[in-house]
Amino acid sequence: MPLIDGGAKITNYIIEKRESTRKAYAAVITQCDTCSVRVPDLAEGLEYYFRVSAENEYGIGEAVETPDPIRVSQAPTPPENITFTDVTKNSVSLAWTKPKHDGGSRVTGYVIEAQKKGTDQWAHVTTVKTLDFTVKNLNENEEYIFRIMAVNSSGRSLPRVSKPVVIKEQSSEPEFDLRGVCQKTVIAKAGDDIKVEVPVSGRPNPTVSWQKDNQALKLTQRTMIENTSTSTILIINECLRSDSGIYSMTGKNIVGSVTDSIIVKVHDVPGPPKGPIKLDKISRTFIEFSWEAPENDGGVPINNYIVEIRETASQTWVELSSLIIRTTFKATRLTTGTEYQFRVKAKNRYGTGPPLMSEAVVAAYPFKVPGPPGTPKVVTFTKDTMTIGWNEPVSDGGSEVIGYHVERKERNSIVWHRISKALVIGNLFKSTGLEDGVAYEFRVIAENIAGIGKPSKASEPMLALDPVDPPGQPVPIHVSKNAITIQWTKPEYDGGFKITGYTVEKRDLPSGRWMRANFTNIIETTFTISGLTQDESYEFRVFARNSAGATVQVNICVLDKPGPPEGPISITGVTSEQCCISWKPPKQDGGSKITHYIVEKRETSRLLWTVVEPKVQALNLKIMKLLEGNEYIFRVLPVNKFGVGEPLQSSAVVIKNPFTPPDAPKGVEVSNVKKDSMVITWEAPTNDGGTHITGYIIEKHDKEGIRWTRCNMKTVTNLTFKVTGLLENHLYEFRVSAENAAGVSEASSANVFYKALDPVFKPGPPHNPKVLDMTKSSVVLAWGKPIYDGGCEIQGYIVEACEAKAAADEWTICTPPTGVKLTRFNVENLKEKQEYKFRVCAVNKVGVGEHADVAGSILPEDKTEEPDLDIDAEFRKLVRIKAGGSLRMFIPFKGRPAPQIKWEKDGGQIKETAQTETTSSHTYLVIDKVNRADSGKYTVTAENSAGAKSETIIVKVLDTPSAPLNFKVKEITKESVTLTWEPPILDGGAKIKNYIVEKRESTRKTFSAVVTNCHKLSWKVEPLQEGCSYYFRVLAENEHGIGLPADITDPLKVSEVPQCPGKLSVVDVTKTSVSLSWEKPIHDGGSRILQYLVEMQVKGNDKWSGCANVKTLEAVISNLNPGEEYTFRVIAINEKGKSDPRTLAVPVQAKDLVFGPDVRPAFSNYSVLVGKDLQVEIPISGRPKPKVIWTKDGAALKFTTRVNISNTAHSTVLSIKEAAREDGGMYGINLSNVVGQKDATIEIITLDKPGAKYDFRVIAKNAVGTISKPSYNSGPIAALDEVEPPKFSIDPEYTQTLIVNAGDAFKLDVDVHGKPLPAIQWFKNDKELENTIRCDIKNTDYRALIIVKDALRQDGGNYTLQLTNVAGSQTAQFHVKVLDKPEYKIQICAINKLGVGEPAV
């Protein structure tokens, strides 16, 4: 309560609050009667101030306020998931996750406490800010429990207690983490360095060894291995193609050995193509060649081949083609007869490999000229013609012969003459125009595409004569046993010469040699040949000869009956009434063709031959209608036109079939009897009758019938047959017959009758009964169906039990008497700690079958079983699901006792919309309408007293990507912004294709795309409007679309810090002050210069201290210590920050300055019209202020009412009113002070009206003194100065308003004229312009130019150009309009009942 109640009772209290970021209080409770109150509805995590005011009947009193803000929060929830990441013999490493809720205030740390087993006291270990810690100095083999509490500004959370852990050295098998090696493959370019670091884990630390391609890795200066406690590193410097291969790493420790491998692929330019280069086709203008792909392709596909050519006489290679894809090429436009060489190089994306060279090859036909033809022979001849023939050349040179050339010469000549005018096609040629009686020789030359070959050998000389006709056909006129007389007629034509005689030759038939039969010349046309052998056959021929030496022959053959056919006679195809015989023709045909054969037969019991066929043209005959069982002999007689020859006789043959019907099948058996079928089997007959069995006939007999019925419609070749279509309960018997080409055998003997009925028996024992589960009072048994069901359906199973230690086996039925249908049964109500035996029997309609015992005695007891999760194979892979679909994961589990199931996502809780349900045997998770945020690792954990089992399912939702991460601005300039970001956490289940960068001016509401196909994680946005404010955002895109944007919250102004100020100079120095001036920065960074900071540094001190903040381009620094040296610098400041400083070149000493006078007139002469006023201002300087003295033409200047001088601190001014001609002349200025003096001169020219006129002429004079006549007069010339008033010319665009965008540059350009040259002045809105950083005046004698950079709105207006000389003045007007965004001036005024207050801008 207040100490002072104001003399009246406190009626109530008013409680107010305000957020720490605001300045105004808001009432929370206005009617509070107590001295405490609970303030509800505060925003968690915010800081608030509170104040309380008391109220009585006179009003509200002063408020009391909390001195510090109060954060609305509470203690956080406990940390989550304490795990042991490592345990050694004296330490344990803990890790945990953040609390689910921080209580509304940032978690500032975590308190770790430990408790040793057997004690109740918790010992403080440490307080950390991270989510892990290693507790050291623990006792080996002791058991500890740890607990962790989260701390925020409101206090500690409840503790999270870990599981007990025993401190002892852990051991684990080595393990290699190859997740950092993409697909376990490293790809490098030849020459690059390879460094692969593979994390290695294992306790104790494993030793690591490396192999390459199953061989120990050889370490060299290029190939090195570095092993650390946590990794193994493979280093290959300047890798080669030979470094490619499979690199295996093996980690070993006392626990075990693990081997893993990576593949190293080194890509390089390809090797040479595989040779040799094959010259496939060679011609005189082109060559086709081929090669094979390189054995070493450099690790990447061959893109193309490069083919080059050179003449062997040159060293220069010329590229034929560089875009060859196939391994063949045709080089064209070659020079015939030139020798070439080719080379081929393969090229891949890394470059061009070494070449493969071909052998030298000449561009010519690939074949040679043909060889010589065969020696020609004269085929026919007359007295003036000869026809010759020849054989083709043995070698055609590789190309077909296209023709021949024929040459001839006389026998006594040595000169050959070509007689074939064109190529001779074929192998005959007729030569004409021969001289009668002259002997000629011929030769032939072959030609192909390659050219003409060598000639053949010359033919035998041949006389050009008409040929002699042969003698008439010789005929035998008398034949005896050892001699023959033959006769012939004279030749009809003797060739033009008398027949001089005949020659007779003979030979033995069929293949004897020709021998001369006469030893003296035969004049007559008959001759007797003696000395012949009886019964031998001979052939004779006769030659006629004339006086020219020509001969011609005629053959004679002795004709006779043929000899016997060549044997023996072959007899085949013997059956009961026919057979086939065959023979060969006679060796001696009697000089005449065999016309036919006569075939005869006779029975061996008779002597008479009977003709079977009188005229047989073939060498075989099928003889029919023979008597079965009779024995026959056959003979064959050849016949020609001279008679019947000698016979050929066969051996005797009996006419009968060679085989018989088979015996009956045996061993007929019936099996697999069913109600509608039976299977019949039998054995083959012992005797098949001499030929193979073609099939079997199966027959059945129903006992109720009398007929046998055939069972098989098709031929049965197997020894088994299934008879179907039987009638149930009928009796059947079966028989089988065999069949061959001779007929059907007798049937097998009938067997016993079989009833068509399905057999049934008691079932066999159930299969493999076993205990599935048990408790202390029950046992669950399971078994399989019997292998044999007795031929009918199993109706149930009976389970029996017996106490194992009972004196006698007393089996008790546990199931109902009819049994159970299922193959499992739960036996209940068993005694605890009592062993039992169990057995199971199957039951069918026949009865109870044989029992099967459960192995061993069973002691019922409660079982514990570690949890096990049966994850479907699909969930072990990456689960992909489209956005908007439903994610359903069904997971069966087991464990005793029933485990508790917990679902987590990415180590935390699953989202609230996810539905989970768990039964005693399975759990499932359902998430409807999934989105990208549902991607991640889902962990399901089953835990009971026997242990825990976890499985992780990775889900990837196919959606558009989430927003990119860490989107920030890296760099801002006056016209660009550089943005950077990181890939989204969620890529939407597909690879990010590209990013889209967009911008928006702060004055607009829509974004526009800057780039839509960005493949980098940064982008420079340019060009931007300097000084404008922009929003930016970036979106990732995958195959499913464009994802969420990442943007900046506040607009960015496109500007930068300004450049440093321009030239810095000292204007004045005194003993206590320094006056500085500087120029504006060349560029203000895109943002207005707010102020300039002037800093100074005392000599000998490194510290800079600010001494002035000004908005102008000058500053006076006062209160300096006299005599001290100071260095000054100036910094420009805009809203982006400070520029680089502009530092004074040399230090300045604080003292009064003394320097000599200086005067620098702007011009050396000034012109004025007589009667006009003239004012000349000349800058001066000097300290102390110099004394100024003017002179004219060397004398002191006289001051009058028209002529006077006025001086200021920085200039001296000469004023002449109503100038007169005598005012012209040389004026001097003398400046002097205690330091020295300085002089300057200027010339004043007075311009007046023209004076007198003059006439001029010229007279020449030489060295002798002779004077020439005068020249012509020049004419009258007035003595006056030439003047011209100012003029200008401008571009037509300047006649209209010049419109310029803000930020652009513009210029005003004018050409000027005048005599004397006019003075040029620029004005804007009646104020003369001066040179600045943005406004650059570049006037010359004949041009007036002004350039304005980075135009601002205030640069718009009226510009005036003024030109002035003694002849007058001229002005030009320009109007400029600068377009810019509107600017607003905002001011705020407070209003009360008395009115409106002053505004705050």
# chains A, B, ... in the order shown; residues from 1 in each chain; ligands from 1
>>> residues_around(residues="region 105-113 of chain A", least_positions_apart="6", cutoff="7 Å", atoms="only C-alpha atoms", output="PyMOL selection string")
chain A and resi 45+73+122-129+146-153
>>> write_last_selection(atoms="C-alpha atoms", output="short mmCIF file (atom, residue, chain, number, x, y, z; two decimals), in the first residue's frame")
data_model
loop_
_atom_site.label_atom_id
_atom_site.label_comp_id
_atom_site.auth_asym_id
_atom_site.auth_seq_id
_atom_site.Cartn_x
_atom_site.Cartn_y
_atom_site.Cartn_z
CA GLY A 45 9.19 -15.31 -24.28
CA SER A 73 8.73 -17.81 -19.04
CA TRP A 122 23.91 -37.12 -6.62
CA ALA A 123 27.24 -35.45 -7.36
CA HIS A 124 27.44 -32.32 -9.49
CA VAL A 125 29.63 -32.96 -12.54
CA THR A 126 29.48 -29.77 -14.61
CA THR A 127 27.29 -27.24 -16.40
CA VAL A 128 27.62 -27.05 -20.19
CA LYS A 129 25.95 -25.20 -23.02
CA PHE A 146 23.54 -39.78 -14.82
CA ARG A 147 20.85 -37.13 -14.90
CA ILE A 148 20.69 -33.87 -16.85
CA MET A 149 18.63 -30.72 -16.19
CA ALA A 150 18.01 -27.86 -18.61
CA VAL A 151 18.41 -24.30 -17.22
CA ASN A 152 16.81 -21.07 -18.41
CA SER A 153 16.20 -17.70 -16.81
#
>>> residues_around(residues="region 870-879 of chain A", least_positions_apart="4", cutoff="9 Å", atoms="only C-alpha atoms", output="PyMOL selection string")
chain A and resi 889-894+951-957
>>> closest_residue(among="A:Asp1140, A:Asp297, A:Glu435, A:Glu308", to="Tyr1092 (chain A)", atoms="only C-alpha atoms")
A:Asp1140
>>> closest_residue(among="A:Glu44, A:Glu1284, A:Asp1223, A:Asp1380", to="Ile1299 (chain A)", atoms="only C-alpha atoms")
A:Asp1380
>>> residues_around(residues="region 180-187 of chain A", least_positions_apart="3", cutoff="8 Å", atoms="only C-alpha atoms", output="number ranges by chain")
A: 177, 198, 261-267
>>> write_last_selection(atoms="C-alpha atoms", output="PDB file, in the first residue's frame")
ATOM      1  CA  ASP A 177      32.250 -44.900 -43.212  1.00  0.00           C
ATOM      2  CA  VAL A 198      37.664 -42.491 -45.044  1.00  0.00           C
ATOM      3  CA  SER A 261      36.667 -50.958 -51.133  1.00  0.00           C
ATOM      4  CA  ILE A 262      36.378 -47.936 -53.364  1.00  0.00           C
ATOM      5  CA  ILE A 263      36.752 -47.636 -57.101  1.00  0.00           C
ATOM      6  CA  VAL A 264      39.204 -45.066 -58.480  1.00  0.00           C
ATOM      7  CA  LYS A 265      38.645 -44.018 -62.075  1.00  0.00           C
ATOM      8  CA  VAL A 266      41.293 -41.815 -63.700  1.00  0.00           C
ATOM      9  CA  HIS A 267      40.136 -40.206 -66.907  1.00  0.00           C
TER      10      HIS A 267
END
>>> residues_around(residues="Arg516 (chain A)", least_positions_apart="3", cutoff="9 Å", atoms="only C-alpha atoms", output="PyMOL selection string")
chain A and resi 503-507+519
>>> residues_around(residues="region 684-693 of chain A", least_positions_apart="5", cutoff="10 Å", atoms="only C-alpha atoms", output="VMD selection string")
chain A and resid 658 to 668 717 to 719 737 to 745 748
>>> residues_around(residues="region 40-42 of chain A", least_positions_apart="5", cutoff="12 Å", atoms="only C-alpha atoms", output="VMD selection string")
chain A and resid 15 17 to 19 28 to 29 47 to 50 70 to 73 104
>>> select_by_dssp(residues="region 716-895 of chain A", states="strand (DSSP E)", output="number ranges by chain")
A: 720-724, 731-740, 743-744, 754-755, 767-774, 779-784, 796-803, 812-813, 824-827, 836-843, 848-853, 865-869, 879-882, 887-895
>>> closest_residue(among="A:Gly856, A:Gly397, A:Pro816, A:Gly849", to="Gly790 (chain A)", atoms="only C-alpha atoms")
A:Gly849
>>> residues_around(residues="Ala942 (chain A)", least_positions_apart="5", cutoff="6 Å", atoms="only C-alpha atoms", output="JSON, numbers by chain")
{"A": [867, 899, 900, 901, 948, 949]}
>>> closest_residue(among="A:Lys561, A:Lys837, A:Arg606, A:Lys454", to="Gly590 (chain A)", atoms="only C-alpha atoms")
A:Lys561
>>> closest_residue(among="A:Thr815, A:Ser778, A:Ser1215, A:Ser1055", to="Thr1201 (chain A)", atoms="only C-alpha atoms")
A:Ser1215
>>> select_by_dssp(residues="region 687-903 of chain A", states="helix (DSSP H, G or I)", output="MDAnalysis selection string")
chainID A and resid 873:876
